[in-house]
Amino acid sequence: MSEGSSALLAVRNLKKYFPLKRTSLRQKEQLYVRANDGISLDIKEGETFGLVGESGCGKSTFGRVLLQLYPQTEGETIYYGRRPEEFQPEYRKKAPSNEPGIDLTQLKPKEMRLLRRDLQLIFQDPYSSLNPRMTVGQIIGEGVLAHGMFTRRDPGFSEYIVAIMEQCGLSPYMFHRYPHQFSGGQRQRIGIARSLAVKPRFVVCDEAVSALDVSIQSQILNLLMDLKQEQKLTYLFISHDLSVVKYISDRIGVMYLGSLVELAASKDLFQEPLHPYTEALLSAIPTTDPQNNRKVILLEGDIPSPVRPPLGCKFHTRCPYATDICKTDPPEFVEAKPGHYSACHHIDRVGEKTRRVS
Amino acid sequence: MSLLELVDLHTYFRTKRGVVKAVNGVSYRVEAGKTLGVVGESGSGKSVSAMSILRLLDGNGYIHSGKILFEGRDLTKIPMNEMYAIRGNEISVIFQEPMTSLNPVFTIQRQLQEVYRTHQRVSKKAAEEKAVQSLQDVRIPNPETVLRQYPHQLSGGMRQRIMIAMALACEPRVLIADEPTTALDVTIQAQILNLMRDLQTQRGTAILFITHDLGVIREMADSVAVMYCGEVVEMAPVAKIFGDRVISHPYTEGLLESIPRLDTEPGVRLEAIPGSVPHPLNLPKGCKFAPRCKFATPFCREQEPALEEVAPAHSIRCLYPDTEKRRKEIET
């Protein structure tokens, strides 16, 4: 994963387990919801990395663990956005190394706080993520003040907020209004403006357009693309809508039950999926294209419980290609084609079920 | 004669700040064994028009005028006790949210049996057998176990299947599906759509399918009504809406262009419709879409266009329904 531009974030074997309450006193074993179970990937500087999967597959958890909003159970998350010379966290003073990145998992909360300026999040629900008792100006300005970019009395402060608002398609007269006076699309713009006001380098868009109507959704997508170009942002774009993810992303990772099952450049993934789950997902998207008459692969049943995921390949219970080996041996995440990774025992057979009809 | 027909329906809501005309002169037909898709953004009146059929309106909502003809009978005129006989038996609804439409304190068994007990007045024993059968019909594996469970023990897809089982319990002639798959994942959505299609062919049910997802409409519907601000702006067979679009409403065109398709090249800007839906108490004069329409002329802002038949079975509410002419018009 080293061609092209350098990595901004490197995730190695990231795990996030949520402990479950013991249901009885006699229960000895501690059970966990394995929301993220060993994810490794690089997010390159300036790219949009798309993350797709069904609800409950752990994609939102991943976005939050990456920003250390949930403590990470295991693994490393290395951020290359700051040089060690300018940002010297305590753990590195204790054990100096030449590693150019900063391991976010080892930072003290105070240190992480300084880095939050670089790492921002846009939430899914524009209704519950804005404080109803703050005006738009206060909402957008809060982070700016907290990070000391301006003080409240600075003459340039409100001008700066207004400039950010205009960039995000909000008019200056909205400065003193409250969130309830806005429509869903405009609220999402406020959320975006809040994230971008602190001049971040990396933004996690967690289902940022899913709650919006299609005509508004396209406005927001265009805005996100424009802002990315102007400010050289890097996005992690989490969504369950594959057509949106394909449109906005450079590379896409497909998640199933807490693990990454496929990772490829956006175009390759859609042209030639190398994992049966991706193949089924792609076939199930309803399209408006009248020429499209592909066969739909109907997956049986629901996503299994992440408390006790199936042994072997986690997808074998619903996979149309599953054989005996899938039930016992977990497949490795290998580079099947240049830049195209997949975790499947039957990579060469994937595509048979949909290819026949075209 | 169509099975179900809405004729110039007006449904209004009284609010503190005035009367909201949520449905403002809507006419559409649902034929036996066919699916009519109703699309539109939130607030376009698509759900209200369908809920008016069974009078499932909030306390401040009322049908102002118009007819709802079900097999020739006007449903707006019948007394409430006759309406109870129609609900569930003749026309039934699948609601959007499978999470909130099931009662959390009763088992699935109790809720399913209730349908049979109230609508068909059968014995408890018979209701039990029917409940098992109905779960098998919606392809729920081991129905006996599921019947004893509570809604929170089931996944979203399973709950939606139970909602469908309930809606189809009394073999209704018309099924109103209000965003039945919006809350579901694509793989589960594909299962549910497939199931609805199969049940429709088996039983010849007419479906009124309400959604904002144009992709789902293309897969499910035979004909489509596009709604905007309480009015139907375009009505056509499904092939015409998604086909070459020689004639189409600018709103439909905008909707189709604003969704990224799988063949959209990355980096190409989406043709977004500017602005947002006007406030229902403050609707623009003339064509309601004019403020957001890139083809709008001074005429559009003055004169409200009528829904006119521009081709057989294809009607459009626009002064310039021809896409080519419209494009040339703005160039000059």
# chains A, B, ... in the order shown; residues from 1 in each chain; ligands from 1
$ interface_residues --of "chain B" --to "chain A" --cutoff "8 Å" --atoms "only C-alpha atoms" --output "MDAnalysis selection string"
chainID B and resid 41:42 155 157 185:191 212 214:216 218:219 239 242:243 254:256 258:262 264:267 269:276
$ residues_around --residues "Gly101 in chain A" --least-positions-apart "6" --cutoff "9 Å" --atoms "only C-alpha atoms" --output "CSV table (one decimal) with N, CA and C atoms, in the first residue's frame"
chain,number,residue,atom,x,y,z
A,8,LEU,N,-1.6,9.1,5.7
A,8,LEU,CA,-1.9,10.1,6.7
A,8,LEU,C,-2.2,9.3,8.0
A,9,LEU,N,-2.9,8.2,7.9
A,9,LEU,CA,-3.2,7.4,9.1
A,9,LEU,C,-2.9,6.0,8.7
A,10,ALA,N,-2.3,5.2,9.6
A,10,ALA,CA,-2.0,3.8,9.4
A,10,ALA,C,-2.7,3.1,10.6
A,78,ILE,N,-1.7,5.0,13.9
A,78,ILE,CA,-0.6,6.0,13.8
A,78,ILE,C,-1.0,7.1,12.8
A,79,TYR,N,-0.8,8.3,13.4
A,79,TYR,CA,-1.1,9.6,12.6
A,79,TYR,C,0.1,10.2,12.2
A,80,TYR,N,0.2,10.5,10.9
A,80,TYR,CA,1.5,11.1,10.3
A,80,TYR,C,1.3,12.6,10.0
A,81,GLY,N,0.2,13.2,10.5
A,81,GLY,CA,-0.1,14.6,10.1
A,81,GLY,C,0.8,15.6,10.8
A,82,ARG,N,1.4,15.2,12.0
A,82,ARG,CA,2.3,16.2,12.7
A,82,ARG,C,3.7,15.6,12.8
A,83,ARG,N,4.7,16.4,12.7
A,83,ARG,CA,6.0,15.9,12.9
A,83,ARG,C,6.3,15.7,14.4
A,84,PRO,N,7.1,14.7,14.7
A,84,PRO,CA,7.4,14.5,16.1
A,84,PRO,C,8.1,15.7,16.7
$ select_by_dssp --residues "range 120-212 of chain B" --states "helix (DSSP H, G or I)" --output "MDAnalysis selection string"
chainID B and resid 120 124:137 143:147 151:153 156:168 186:203
$ write_last_selection --atoms "C-alpha atoms" --output "mmCIF file, in the first residue's frame"
data_model
loop_
_atom_site.group_PDB
_atom_site.id
_atom_site.type_symbol
_atom_site.label_atom_id
_atom_site.label_comp_id
_atom_site.auth_asym_id
_atom_site.auth_seq_id
_atom_site.Cartn_x
_atom_site.Cartn_y
_atom_site.Cartn_z
ATOM 1 C CA GLN B 120 -62.207 -12.249 10.782
ATOM 2 C CA LYS B 124 -58.396 -18.632 19.174
ATOM 3 C CA LYS B 125 -57.361 -22.058 17.903
ATOM 4 C CA ALA B 126 -57.925 -21.143 14.276
ATOM 5 C CA ALA B 127 -56.122 -17.856 14.739
ATOM 6 C CA GLU B 128 -53.107 -19.707 16.076
ATOM 7 C CA GLU B 129 -52.903 -21.963 13.042
ATOM 8 C CA LYS B 130 -53.330 -19.043 10.723
ATOM 9 C CA ALA B 131 -50.565 -17.130 12.473
ATOM 10 C CA VAL B 132 -48.112 -19.977 11.874
ATOM 11 C CA GLN B 133 -49.176 -20.202 8.252
ATOM 12 C CA SER B 134 -48.798 -16.477 7.690
ATOM 13 C CA LEU B 135 -45.245 -16.489 9.039
ATOM 14 C CA GLN B 136 -44.398 -19.347 6.702
ATOM 15 C CA ASP B 137 -45.792 -17.311 3.820
ATOM 16 C CA PRO B 143 -42.284 -19.754 12.908
ATOM 17 C CA GLU B 144 -43.213 -21.491 16.178
ATOM 18 C CA THR B 145 -40.204 -19.996 17.970
ATOM 19 C CA VAL B 146 -40.665 -16.560 16.458
ATOM 20 C CA LEU B 147 -44.297 -16.474 17.550
ATOM 21 C CA PRO B 151 -40.314 -7.562 18.894
ATOM 22 C CA HIS B 152 -37.030 -6.503 20.493
ATOM 23 C CA GLN B 153 -35.668 -10.015 20.069
ATOM 24 C CA GLY B 156 -35.175 -5.226 11.511
ATOM 25 C CA GLY B 157 -35.657 -7.503 8.509
ATOM 26 C CA MET B 158 -37.606 -10.041 10.572
ATOM 27 C CA ARG B 159 -39.812 -7.343 12.066
ATOM 28 C CA GLN B 160 -40.579 -5.980 8.637
ATOM 29 C CA ARG B 161 -41.543 -9.503 7.522
ATOM 30 C CA ILE B 162 -43.921 -9.709 10.458
ATOM 31 C CA MET B 163 -45.414 -6.356 9.483
ATOM 32 C CA ILE B 164 -45.938 -7.740 5.983
ATOM 33 C CA ALA B 165 -47.452 -10.935 7.415
ATOM 34 C CA MET B 166 -49.869 -8.817 9.453
ATOM 35 C CA ALA B 167 -50.761 -6.620 6.518
ATOM 36 C CA LEU B 168 -51.418 -9.624 4.295
ATOM 37 C CA VAL B 186 -29.691 -3.335 0.788
ATOM 38 C CA THR B 187 -29.320 -7.092 1.147
ATOM 39 C CA ILE B 188 -32.357 -7.294 3.441
ATOM 40 C CA GLN B 189 -34.212 -4.842 1.209
ATOM 41 C CA ALA B 190 -33.642 -7.158 -1.748
ATOM 42 C CA GLN B 191 -35.137 -10.042 0.255
ATOM 43 C CA ILE B 192 -38.215 -8.046 1.251
ATOM 44 C CA LEU B 193 -38.849 -6.656 -2.245
ATOM 45 C CA ASN B 194 -38.534 -10.128 -3.682
ATOM 46 C CA LEU B 195 -41.022 -11.416 -1.135
ATOM 47 C CA MET B 196 -43.539 -8.663 -1.898
ATOM 48 C CA ARG B 197 -43.260 -9.353 -5.612
ATOM 49 C CA ASP B 198 -43.898 -13.081 -5.124
ATOM 50 C CA LEU B 199 -46.890 -12.507 -2.875
ATOM 51 C CA GLN B 200 -48.310 -10.075 -5.395
ATOM 52 C CA THR B 201 -48.137 -12.596 -8.255
ATOM 53 C CA GLN B 202 -49.661 -15.319 -6.085
ATOM 54 C CA ARG B 203 -52.569 -13.280 -4.807
#
$ residues_around --residues "Lys327 in chain A" --least-positions-apart "2" --cutoff "10 Å" --atoms "only C-alpha atoms" --output "NGL selection string"
:A and (310-317 or 322-325 or 329-330)
$ select_by_dssp --residues "range 264-336 of chain A" --states "strand (DSSP E)" --output "list in words"
Ala264, Ala265, Val334, Glu335 and Ala336 of chain A
$ residues_around --residues "Ser259 in chain A" --least-positions-apart "3" --cutoff "12 Å" --atoms "only C-alpha atoms" --output "PyMOL selection string"
chain A and resi 13-16+34-41+51-53+56-59+61-62+253-256+262-263+306+309+313-315+330-333+342-343
$ write_last_selection --atoms "N, CA and C atoms" --output "JSON list (two decimals), in the first residue's frame"
[["chain", "number", "residue", "atom", "x", "y", "z"],
["A", 13, "ASN", "N", -4.11, -3.72, 12.95],
["A", 13, "ASN", "CA", -4.77, -4.70, 13.81],
["A", 13, "ASN", "C", -5.65, -4.04, 14.87],
["A", 14, "LEU", "N", -6.49, -3.11, 14.41],
["A", 14, "LEU", "CA", -7.34, -2.40, 15.34],
["A", 14, "LEU", "C", -8.46, -3.31, 15.85],
["A", 15, "LYS", "N", -8.62, -3.34, 17.17],
["A", 15, "LYS", "CA", -9.71, -4.13, 17.75],
["A", 15, "LYS", "C", -10.50, -3.27, 18.71],
["A", 16, "LYS", "N", -11.81, -3.45, 18.69],
["A", 16, "LYS", "CA", -12.65, -2.78, 19.67],
["A", 16, "LYS", "C", -13.67, -3.79, 20.17],
["A", 34, "ARG", "N", -17.76, -8.08, 19.49],
["A", 34, "ARG", "CA", -16.54, -7.79, 18.75],
["A", 34, "ARG", "C", -16.86, -6.85, 17.60],
["A", 35, "ALA", "N", -16.94, -5.57, 17.91],
["A", 35, "ALA", "CA", -17.37, -4.59, 16.92],
["A", 35, "ALA", "C", -16.33, -4.40, 15.83],
["A", 36, "ASN", "N", -15.08, -4.36, 16.21],
["A", 36, "ASN", "CA", -13.99, -4.32, 15.23],
["A", 36, "ASN", "C", -13.01, -5.40, 15.63],
["A", 37, "ASP", "N", -12.71, -6.26, 14.69],
["A", 37, "ASP", "CA", -11.91, -7.43, 15.04],
["A", 37, "ASP", "C", -10.69, -7.53, 14.15],
["A", 38, "GLY", "N", -9.69, -6.73, 14.43],
["A", 38, "GLY", "CA", -8.45, -6.83, 13.67],
["A", 38, "GLY", "C", -8.51, -6.17, 12.31],
["A", 39, "ILE", "N", -8.62, -4.86, 12.31],
["A", 39, "ILE", "CA", -8.66, -4.14, 11.02],
["A", 39, "ILE", "C", -7.31, -3.47, 10.79],
["A", 40, "SER", "N", -6.76, -3.65, 9.60],
["A", 40, "SER", "CA", -5.53, -2.97, 9.23],
["A", 40, "SER", "C", -5.75, -2.27, 7.91],
["A", 41, "LEU", "N", -5.46, -0.99, 7.88],
["A", 41, "LEU", "CA", -5.52, -0.27, 6.60],
["A", 41, "LEU", "C", -4.76, 1.03, 6.70],
["A", 51, "LEU", "N", -16.08, 3.53, 3.36],
["A", 51, "LEU", "CA", -16.24, 2.33, 4.16],
["A", 51, "LEU", "C", -17.71, 1.93, 4.08],
["A", 52, "VAL", "N", -17.98, 0.73, 3.57],
["A", 52, "VAL", "CA", -19.37, 0.30, 3.44],
["A", 52, "VAL", "C", -19.61, -1.01, 4.19],
["A", 53, "GLY", "N", -20.85, -1.29, 4.42],
["A", 53, "GLY", "CA", -21.25, -2.51, 5.10],
["A", 53, "GLY", "C", -22.65, -2.35, 5.65],
["A", 56, "GLY", "N", -24.62, -2.59, 11.78],
["A", 56, "GLY", "CA", -24.13, -3.56, 12.75],
["A", 56, "GLY", "C", -22.82, -4.21, 12.36],
["A", 57, "CYS", "N", -22.21, -3.78, 11.25],
["A", 57, "CYS", "CA", -20.95, -4.42, 10.86],
["A", 57, "CYS", "C", -19.76, -3.74, 11.53],
["A", 58, "GLY", "N", -19.99, -2.63, 12.21],
["A", 58, "GLY", "CA", -18.90, -2.00, 12.94],
["A", 58, "GLY", "C", -18.26, -0.84, 12.21],
["A", 59, "LYS", "N", -18.87, -0.35, 11.14],
["A", 59, "LYS", "CA", -18.21, 0.72, 10.39],
["A", 59, "LYS", "C", -18.21, 2.05, 11.15],
["A", 61, "THR", "N", -18.38, 2.34, 14.44],
["A", 61, "THR", "CA", -17.47, 2.14, 15.57],
["A", 61, "THR", "C", -16.05, 2.39, 15.11],
["A", 62, "PHE", "N", -15.71, 1.87, 13.94],
["A", 62, "PHE", "CA", -14.36, 2.05, 13.43],
["A", 62, "PHE", "C", -14.03, 3.54, 13.30],
["A", 253, "GLY", "N", -13.33, 0.26, 1.35],
["A", 253, "GLY", "CA", -13.20, -0.94, 2.15],
["A", 253, "GLY", "C", -14.58, -1.48, 2.46],
["A", 254, "VAL", "N", -14.76, -2.79, 2.33],
["A", 254, "VAL", "CA", -16.05, -3.40, 2.63],
["A", 254, "VAL", "C", -15.92, -4.14, 3.95],
["A", 255, "MET", "N", -16.84, -3.86, 4.88],
["A", 255, "MET", "CA", -16.76, -4.51, 6.18],
["A", 255, "MET", "C", -17.89, -5.50, 6.37],
["A", 256, "TYR", "N", -17.58, -6.58, 7.04],
["A", 256, "TYR", "CA", -18.62, -7.54, 7.41],
["A", 256, "TYR", "C", -18.31, -8.05, 8.80],
["A", 262, "GLU", "N", -12.87, -6.77, 2.01],
["A", 262, "GLU", "CA", -12.30, -6.41, 0.72],
["A", 262, "GLU", "C", -11.88, -4.96, 0.73],
["A", 263, "LEU", "N", -10.80, -4.67, 0.02],
["A", 263, "LEU", "CA", -10.33, -3.29, -0.06],
["A", 263, "LEU", "C", -9.76, -3.10, -1.46],
["A", 306, "PRO", "N", -22.39, -10.51, 16.51],
["A", 306, "PRO", "CA", -20.96, -10.24, 16.68],
["A", 306, "PRO", "C", -20.44, -10.69, 18.04],
["A", 309, "PRO", "N", -19.21, -14.68, 16.67],
["A", 309, "PRO", "CA", -19.19, -14.74, 15.21],
["A", 309, "PRO", "C", -18.91, -16.17, 14.75],
["A", 313, "CYS", "N", -14.46, -18.56, 8.11],
["A", 313, "CYS", "CA", -14.81, -17.31, 7.45],
["A", 313, "CYS", "C", -16.14, -16.84, 8.03],
["A", 314, "LYS", "N", -16.20, -15.59, 8.48],
["A", 314, "LYS", "CA", -17.41, -15.11, 9.15],
["A", 314, "LYS", "C", -18.61, -15.07, 8.21],
["A", 315, "PHE", "N", -18.35, -15.06, 6.93],
["A", 315, "PHE", "CA", -19.43, -14.92, 5.96],
["A", 315, "PHE", "C", -19.97, -16.28, 5.51],
["A", 330, "PRO", "N", -10.24, -19.43, 8.96],
["A", 330, "PRO", "CA", -10.47, -18.04, 8.56],
["A", 330, "PRO", "C", -9.54, -17.67, 7.39],
["A", 331, "PRO", "N", -10.08, -17.11, 6.32],
["A", 331, "PRO", "CA", -9.23, -16.76, 5.18],
["A", 331, "PRO", "C", -8.35, -15.57, 5.49],
["A", 332, "GLU", "N", -7.21, -15.51, 4.83],
["A", 332, "GLU", "CA", -6.32, -14.38, 5.05],
["A", 332, "GLU", "C", -6.67, -13.23, 4.13],
["A", 333, "PHE", "N", -6.34, -12.05, 4.59],
["A", 333, "PHE", "CA", -6.60, -10.83, 3.81],
["A", 333, "PHE", "C", -5.40, -10.62, 2.89],
["A", 342, "SER", "N", -8.51, -9.00, -0.66],
["A", 342, "SER", "CA", -9.75, -9.70, -0.36],
["A", 342, "SER", "C", -9.46, -10.84, 0.61],
["A", 343, "ALA", "N", -10.44, -11.12, 1.47],
["A", 343, "ALA", "CA", -10.28, -12.23, 2.41],
["A", 343, "ALA", "C", -11.29, -13.30, 2.04]]
$ closest_residue --among "A:Asp125, A:Glu76, A:Glu111, A:Glu159" --to "Ile192 in chain A" --atoms "only C-alpha atoms"
A:Asp125
$ residues_around --residues "Ile330 in chain B" --least-positions-apart "4" --cutoff "12 Å" --atoms "only C-alpha atoms" --output "JSON, numbers by chain"
{"B": [293, 294, 295, 296, 297, 298, 320, 323, 324, 325, 326]}
$ atom_distance --atom1 "CA of Lys44 in chain A" --atom2 "CA of Gly141 in chain A"
29.0 Å
$ residues_around --residues "Gly45 in chain B" --least-positions-apart "3" --cutoff "12 Å" --atoms "only C-alpha atoms" --output "PyMOL selection string"
chain B and resi 9-13+20-26+38-42+48-52+178+210-212+225-233+277+280
$ residues_around --residues "range 53-59 of chain B" --least-positions-apart "4" --cutoff "9 Å" --atoms "only C-alpha atoms" --output "ChimeraX atom specification"
/B:6,13,48-49,63,68,75-76,83-84,86-87,91-92
$ closest_residue --among "B:Val7, B:Leu154, B:Ala221, B:Val122" --to "Thr107 in chain B" --atoms "only C-alpha atoms"
B:Leu154
$ closest_residue --among "B:Gly204, B:Gly88, B:Pro312, B:Pro284" --to "Ala236 in chain B" --atoms "only C-alpha atoms"
B:Pro312
$ closest_residue --among "A:Val203, A:Ala336, A:Glu279, A:His180" --to "Phe237 in chain A" --atoms "only C-alpha atoms"
A:Val203
$ atom_distance --atom1 "CA of Arg117 in chain A" --atom2 "CA of Gly50 in chain A"
21.9 Å
$ decode --residues "range 62-82 of chain A" --atoms "C-alpha atoms" --output "PDB file, in the first residue's frame"
ATOM      1  CA  PHE A  62     -14.358   2.054  13.429  1.00  0.00           C
ATOM      2  CA  GLY A  63     -14.726   5.732  12.566  1.00  0.00           C
ATOM      3  CA  ARG A  64     -15.013   6.630  16.213  1.00  0.00           C
ATOM      4  CA  VAL A  65     -12.220   4.375  17.429  1.00  0.00           C
ATOM      5  CA  LEU A  66      -9.982   5.934  14.812  1.00  0.00           C
ATOM      6  CA  LEU A  67     -10.569   9.333  16.412  1.00  0.00           C
ATOM      7  CA  GLN A  68     -10.112   7.730  19.837  1.00  0.00           C
ATOM      8  CA  LEU A  69     -13.639   8.658  20.851  1.00  0.00           C
ATOM      9  CA  TYR A  70     -13.902   5.086  22.073  1.00  0.00           C
ATOM     10  CA  PRO A  71     -10.798   3.678  23.729  1.00  0.00           C
ATOM     11  CA  GLN A  72      -9.175   1.197  21.424  1.00  0.00           C
ATOM     12  CA  THR A  73      -8.966  -2.350  22.804  1.00  0.00           C
ATOM     13  CA  GLU A  74      -5.914  -3.393  20.845  1.00  0.00           C
ATOM     14  CA  GLY A  75      -3.728  -2.376  17.934  1.00  0.00           C
ATOM     15  CA  GLU A  76      -2.102   0.806  16.726  1.00  0.00           C
ATOM     16  CA  THR A  77      -3.464   3.908  15.050  1.00  0.00           C
ATOM     17  CA  ILE A  78      -0.613   5.995  13.766  1.00  0.00           C
ATOM     18  CA  TYR A  79      -1.135   9.553  12.627  1.00  0.00           C
ATOM     19  CA  TYR A  80       1.459  11.081  10.320  1.00  0.00           C
ATOM     20  CA  GLY A  81      -0.057  14.563  10.135  1.00  0.00           C
ATOM     21  CA  ARG A  82       2.289  16.162  12.662  1.00  0.00           C
TER      22      ARG A  82
END
